[in-house]
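J.: For reference, the structure I am asking about is given below.
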Amino acid sequence: MDYLERYGEWLTRVTDEERKELQAISDNDKEIKERFLLPLEFGTAGMRGVLGMGIHMMNSYTVMRASEGLAAYVESLGEEAKKRGVLISYDTRRFSFEFAKISAEVLAYHGINAYVFENVRPVPMCSFAIRYLNAVAGIMITASHNPKEYNGYKVYGEDGAQMSPEATAKVVEYIDRIDDYFSVKKIETGGRENYLGKDNFKVAENITVVGKSIDDKYFEAIEKVALSGDAVKRVGKDIKIVYTPIHGSGYMPVTTILARMGIKVNVVEEQATLDTEFSTVEVPNPEQPDALKMGMELADRLGSDIVIGTDPDADRMGVAIRNNDNEFVLLNGNQIGAMLLEYILRRREEEGTLPDNGAVVKTIVTTRLADKIAKSYGVTVYDVLTGFKFIGEKIKEWEKSGKHTFLFGYEESYGYLSGTHARDKDAVVSAMLFAEMTCYFQDKGVKLYDHLTDIFDRYGYFVEKNKSIVFRGLDGMEKMANIMEELRNDPKKSISGYAVKNFMDFKKGISVSENGDISDITLPKANVIKYDLGNDEWVCVRPSGTEPKLKVYVSTAMPTLELSKEKNERLFEEFKF
């Protein structure tokens with residue numbers, strides 16, 4: 001069936017309201033082709049796309065097809081897996097609840113137990129609940145920090161981490177067998193009123209609504225990773241921290257855990273509403289200054305020095321702090337991670353709880369400042385591929401082997417995890433620790449900006465920047481693939497006059513030194529290229545795992561901030577596609 005035939009089929013089978021959307025593009029062949037030529041890809045991070053009608057869009061039919069494939073996978077694991085069931089969570093986006101409910105109803109049709117949160121819950125609570133309920137898998141309906149037009153479907157394994165590539169491949173195999181999107185069957189459970197405010201409530205034979213009981217267990221778990229209770233008692237009620245959930249699912253858990261700890265927090269009320277349109281920001285991304293603008297304005301009125309923001313599914317955390325000129329600066333993910341890492345290791349050492357086999361895990365595109373900090377405390381650092389599931393895999397591996405004690409994991413894209421209660425990045429525990437760290441240093445009369453400056457003074461001025469180059473249209477993926485192959489087949493010997501010490505091709509699994517010596521890369525194969533320039537400096541290029549973007553990362557480390565910034569900009573000049 002070609003794309004026009006598929007379009008015609010959908011016109012006859014969707015609802016009257018949905019048909020209006022499709023009829024509106026009847027004269028736009030390009031748009032029809034975009035929507036109906038290829039299915040929305042289900043990759044290692046699940047699927048994510050623009051909301052709308054079509055096989056290449058996020059809608060109830062593509063969600064039902066994905067859930068049918070997951071149901072077939074769970075059935076293949078046997079009756080015990082069906083009983084253990086699937087945990088489903090969702091954020092505040094358009095149709096997030098509807099997609100979560102539909103997913104549960106498809107699973108239930110197959111006799112698979114489904115547990116659905118009564119209202120929005122973030123990624124870390126989804127990850128925690130999968131493990132707490134001993135579920136065989138999990139679903140998180142979210143498009144993370146993408147614009148309001150997007151939504152997504154992330155699948156988790158029984159360990160609470162995003163599903164492994166091997167298991168995902170099996171799910172995709174089942175999904176690909178479903179050519180008729182309208183053949184998927186489900187049960188009916190009624191409207192949202194049947195879910196809101198419920199806890200351990202059966203809305204259908206195989207669907208249980210969960211809520212407060214799991215919330216309480218999650219809060220008890222993350223309280224165990226707190227490190228400075230005495231400092232919090234002394235100054236927690238006096239500090240002025242501003243928090244914004246940016247209309248997302250972090251509002252309840254972040255404010256709850258800070259209240260439980262006794263830390264005063266001032267919420268940006270305009271952004272505390274569960275707004276599907278994210279109406280106060282252009283993009284609900286705490287990495288962007290615009291997303292924290294209202295928080296900084298409130299902080300100016302209150303005289304606060306700290307602004308914390310979480311994205312819609314509360315797996316990422318952004319922070320703004322005042323510099324020595326009393327101006328707010330937005331920290332990047334590497335800086336936030338370095339500050340949290342140094343704080344955790346410092347407090348563990350002060351309390352005598354730093355284990356001899358302690359280890360930190362970060363991704364290959366995360367700053368090597370982490371290595372410097374960890375080494376100073378005698379802690380081992382492991383690099384893994386981009387994607388927090390690989391950090392989760394290390395936690396699981398060490399729990400079995402006992403080789404290391406996991407202390408902290410993070411990636412440059414504003415994701416952090418302390419504790420083993422979850423296997424994905426956790427902005428709730430990160431906000432808790434950053435607030436606690438604020439108390440710790442304020443109790444000592446030290447400003448957070450001075451703490452950051454002290455880290456740079458001790459370990460070097462690391463500057464990390466990245467840019468995403470978007471490739472739109474049906475040929476976007478092909479263009480990205482061609483660029484990667486060109487870089488791979490004709491490796492750069494130098495970048496802006498700086499010699500490449502090692503050229504690393506993660507797809508081939510080899511590293512080639514400037515002398516031509518070849519060594520193996522022990523990580524799994526991935527479409528990533530990295531240039532090691534020595535002195536903890538590097539450039540990395542990789543396609544995004546969820547969007548048609550080519551991502552370029554540059555990390556420099558020099559004796560001064562100005563020199564490091566200047567070198568970083570020069571290196572970027574050679575990567576304009």
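Identifiers in the structure tokens: chain A, B, ... in order shown; residue index from 1 per chain; ligand index from 1 in order shown.
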At a cut-off of 10 Å, using only C-alpha atoms, what residues contact A:Tyr343? Leave out same-chain residues fewer than 5 positions from it and give the result as a list in words.
T.: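 Using only C-alpha atoms, the neighbours found are Leu227, Gly337, Ala338, Arg348, Glu349, Leu433, Phe434, Glu436, Met437, Tyr440, Phe441 and His451 of chain A.
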J.: So which residues of stretch 481-519 of chain A fall under alpha helix (DSSP H) by DSSP, listed as an MDAnalysis selection string?
T.: chainID A and resid 481:489
J.: Please provide the set of residues having any atom within 12 Å of A:Arg35, restricted to only C-alpha atoms, with same-chain residues fewer than 6 positions apart removed, written as a PyMOL selection string.
T.: chain A and resi 2-4+6-7+10+21-22+25-26+28-29+49-59+62+473-474
J.: A:Val554: which residues within 9 Å, counting only C-alpha atoms, same-chain residues fewer than 4 positions away excluded, as a PyMOL selection string?
T.: chain A and resi 365+463-466+537-540+568-569+571-572
J.: So that I can see what lies close to A:Glu351, please list as a list in words the residues with an atom at most 10 Å from it, counting only C-alpha atoms and leaving out residues fewer than 5 positions away in the same chain.
T.: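 Skipping anything fewer than 5 positions along the chain leaves Leu227, Ser228, Leu345 and Arg346 of chain A.
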J.: Pick from A:Lys425, A:Arg192, A:Arg121, A:Lys185: nearest to A:Val254, with only C-alpha atoms counted?
T.: A:Arg121
J.: Between A:Gly152, A:Ala24, A:Gly111, A:Glu98, which one has atoms that come closest to A:Gly78, using only C-alpha atoms?
T.: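 Result for the nearest residue to A:Gly78: A:Gly111.
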J.: Write down as a list in words the residues of stretch 343-402 of chain A whose backbone DSSP state falls under strand (DSSP E or B).
T.: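 Here is the list: Gly358, Ala359, Val360, Val361, Lys362, Thr363, Thr380, Val381, Tyr382, Asp383 and Val384 of chain A.
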J.: Find the nearest atom pair between each residue of stretch 422-454 of chain A and stretch 153-176 of chain A for residues within 8 Å, count only C-alpha atoms, give distances in Å to one decimal, sort rows by chain and ascending number, and present the table as JSON lines.
T.:
```
{"residue": "A:Ala422", "atom": "CA", "partner": "A:Gly160", "partner_atom": "CA", "distance": 6.3}
{"residue": "A:Arg423", "atom": "CA", "partner": "A:Ala161", "partner_atom": "CA", "distance": 4.6}
{"residue": "A:Asp424", "atom": "CA", "partner": "A:Ala161", "partner_atom": "CA", "distance": 5.7}
```
J.: Residues within 12 Å of A:Lys447, please, as a list in words. Count only C-alpha atoms; anything in the same chain fewer than 2 positions from it doesn't count.
T.: Ser304, Asp305, Ile306, Ile321, Arg322, Asn323, Asn324, Asn326, Met437, Thr438, Cys439, Tyr440, Phe441, Gln442, Asp443, Lys444, Gly445, Tyr449, Asp450, His451, Leu452, Thr453 and Asp454 of chain A
J.: Just how far from atom CA of A:His247 is atom CA of A:Gln271, in Å to one decimal?
T.: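 Those two atoms sit 4.9 Å apart.
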